[in-house]
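A short worksheet on the structure shown next.
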Amino acid sequence: MSIDNTKESILSVADKLFSRFGFHKTSMDEIAKIARKAKGSLYYHFASKEELFKEVVSIEMINLKNQLSFIVNNSDLTSSEKVKKYLVKRMEILNSAANYHETLKADFFEHFHFIDDLRTELDGWEKENLKKIIIQGAEKGEFTIIGDIDVLLEVFIMVIKAFFLQNKYVKYAPHFEGLIGILTKGLSR
């Protein structure tokens with residue numbers, strides 16, 4: 001088995017175990033056992049459990065960005081449609097991104113400082129892409145920007161993260177279209 005295949009195998013097993021048991025209850029020994037790799041193989045690819053977890057979360061974030069970029073760059077959609085599709089897709093993806101979800105919840109109890117750079121980068125990426133959609137909508141006369149768009153986006157990101165912090169995704173998922181409609185209506189001219 002090649003080095004790349006070994007790394008992918010480790011990441012796949014780690015993703016499943018972290019998703020099922022969480023970061024703290026998953027050990028490198030268990031990952032090695034399930035992946036059928038020597039523990040040394042894990043440490044050859046990842047210096048620590050934190051580094052392995054960070055890579056697993058990074059893969060979830062790359063998946064999120066790839067799918068959302070498709071929506072942001074889709075010229076066939078109006079800005080309102082982009083906002084709606086973006087937010088619904090974001091919620092769907094993050095609801096299934098168990099490891100990233102765990103890092104959001106953990107902020108109340110303990111901090112996963114070793115992935116702060118990933119989360120900060122994702123927040124910045126999301127703000128820039130949502131800003132792009134809103135500015136495009138304003139340029140086409142579809143939206144009106146009232147106040148500081150950066151403050152609006154900061155607050156908005158906090159609100160959508162709160163769905164996961166309070167485990168409200170399932171409860172509110174049937175209402176996303178209406179909630180997002182309120183947002184887009186508020187931006188509309």
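Going through the structure tokens in order, the chains are called A, B, and so on, while each chain numbers its residues from 1 and the ligands are numbered from 1 in the order shown.
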Requested in this report: Find the residues near A:Lys37: any atom within 12 Å, counting only C-alpha atoms, skip ones fewer than 3 places away on the same chain, and give them as a list in words.
Outcome: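 Counting only the stated atoms, we get Met1, Ile3, Asn5, Thr6, Lys7, Glu8, Ser9, Ile10, Leu11, Val13, Met28, Asp29, Glu30, Ile31, Ala32, Lys33, Ile34, Gly40, Ser41, Leu42, Tyr43, Tyr44 and His45 of chain A.
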Produce a file of the selected residues containing N, CA and C atoms, as a tab-separated table (two decimals), in the first residue's frame.
```tsv
chain	number	residue	atom	x	y	z
A	1	MET	N	0.86	-1.18	0.00
A	1	MET	CA	0.00	0.00	0.00
A	1	MET	C	0.90	1.24	0.00
A	3	ILE	N	2.16	5.24	0.43
A	3	ILE	CA	2.10	6.18	1.55
A	3	ILE	C	0.82	7.00	1.49
A	5	ASN	N	-2.06	6.14	0.13
A	5	ASN	CA	-3.19	5.28	0.49
A	5	ASN	C	-3.24	5.05	1.98
A	6	THR	N	-2.08	4.89	2.60
A	6	THR	CA	-2.03	4.71	4.06
A	6	THR	C	-2.58	5.94	4.76
A	7	LYS	N	-2.16	7.11	4.31
A	7	LYS	CA	-2.64	8.35	4.92
A	7	LYS	C	-4.15	8.49	4.74
A	8	GLU	N	-4.65	8.20	3.54
A	8	GLU	CA	-6.09	8.27	3.28
A	8	GLU	C	-6.86	7.29	4.14
A	9	SER	N	-6.31	6.11	4.31
A	9	SER	CA	-6.95	5.09	5.15
A	9	SER	C	-7.04	5.57	6.60
A	10	ILE	N	-5.95	6.13	7.09
A	10	ILE	CA	-5.92	6.66	8.46
A	10	ILE	C	-6.95	7.78	8.61
A	11	LEU	N	-6.98	8.70	7.65
A	11	LEU	CA	-7.93	9.82	7.70
A	11	LEU	C	-9.38	9.33	7.68
A	13	VAL	N	-10.59	6.36	8.67
A	13	VAL	CA	-10.92	5.73	9.96
A	13	VAL	C	-11.04	6.79	11.04
A	28	MET	N	-5.42	7.32	19.53
A	28	MET	CA	-4.57	6.96	18.40
A	28	MET	C	-4.45	5.43	18.33
A	29	ASP	N	-4.43	4.76	19.47
A	29	ASP	CA	-4.37	3.29	19.48
A	29	ASP	C	-5.59	2.70	18.76
A	30	GLU	N	-6.76	3.25	19.06
A	30	GLU	CA	-8.00	2.75	18.43
A	30	GLU	C	-7.99	3.02	16.92
A	31	ILE	N	-7.54	4.20	16.53
A	31	ILE	CA	-7.46	4.52	15.11
A	31	ILE	C	-6.52	3.54	14.40
A	32	ALA	N	-5.36	3.30	15.00
A	32	ALA	CA	-4.38	2.37	14.41
A	32	ALA	C	-4.97	0.97	14.30
A	33	LYS	N	-5.66	0.54	15.34
A	33	LYS	CA	-6.24	-0.80	15.35
A	33	LYS	C	-7.29	-0.96	14.24
A	34	ILE	N	-8.23	-0.01	14.16
A	34	ILE	CA	-9.30	-0.10	13.17
A	34	ILE	C	-8.74	0.06	11.74
A	40	GLY	N	3.00	3.53	14.67
A	40	GLY	CA	4.06	4.34	14.08
A	40	GLY	C	3.67	4.95	12.75
A	41	SER	N	2.81	4.26	12.00
A	41	SER	CA	2.32	4.80	10.72
A	41	SER	C	1.50	6.06	10.95
A	42	LEU	N	0.70	6.05	12.01
A	42	LEU	CA	-0.09	7.24	12.32
A	42	LEU	C	0.84	8.41	12.61
A	43	TYR	N	1.86	8.14	13.44
A	43	TYR	CA	2.76	9.22	13.83
A	43	TYR	C	3.73	9.60	12.71
A	44	TYR	N	3.88	8.75	11.72
A	44	TYR	CA	4.67	9.12	10.54
A	44	TYR	C	3.93	10.21	9.77
A	45	HIS	N	2.61	10.08	9.67
A	45	HIS	CA	1.80	11.02	8.90
A	45	HIS	C	1.29	12.20	9.73
```
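Taking only C-alpha atoms, the non-local environment of A:Asp15 within 10 Å (same-chain residues fewer than 5 positions away omitted) comprises Ser9, Ile10, Arg20, Gly22, Phe23, Ile31, Leu52, Phe53, Glu55, Val56, Val57, Ile59, Glu60, Ala97, Ala98 and Asn99 of chain A.
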Report task. Have a look at A:Glu154, A:Glu128, A:Glu81, A:Asp116 and name the one nearest to A:Glu177; count only C-alpha atoms. Result -> A:Glu81
Report task. Do a neighbour search on A:Leu130 at 9 Å with only C-alpha atoms, toss out local chain neighbours closer than 6 positions, and write the hits as a count of residues only. Result -> 4
Report task. Check stretch 119-189 of chain A with DSSP on the backbone and list each residue it calls alpha helix (DSSP H), as a PyMOL selection string. Result -> chain A and resi 119-139+149-165+169-172+176-187
Report summary line: Using only C-alpha atoms, the residue out of A:Ile149, A:Ser12, A:Lys54, A:Phe70 with shortest distance to A:Asp117 is A:Lys54
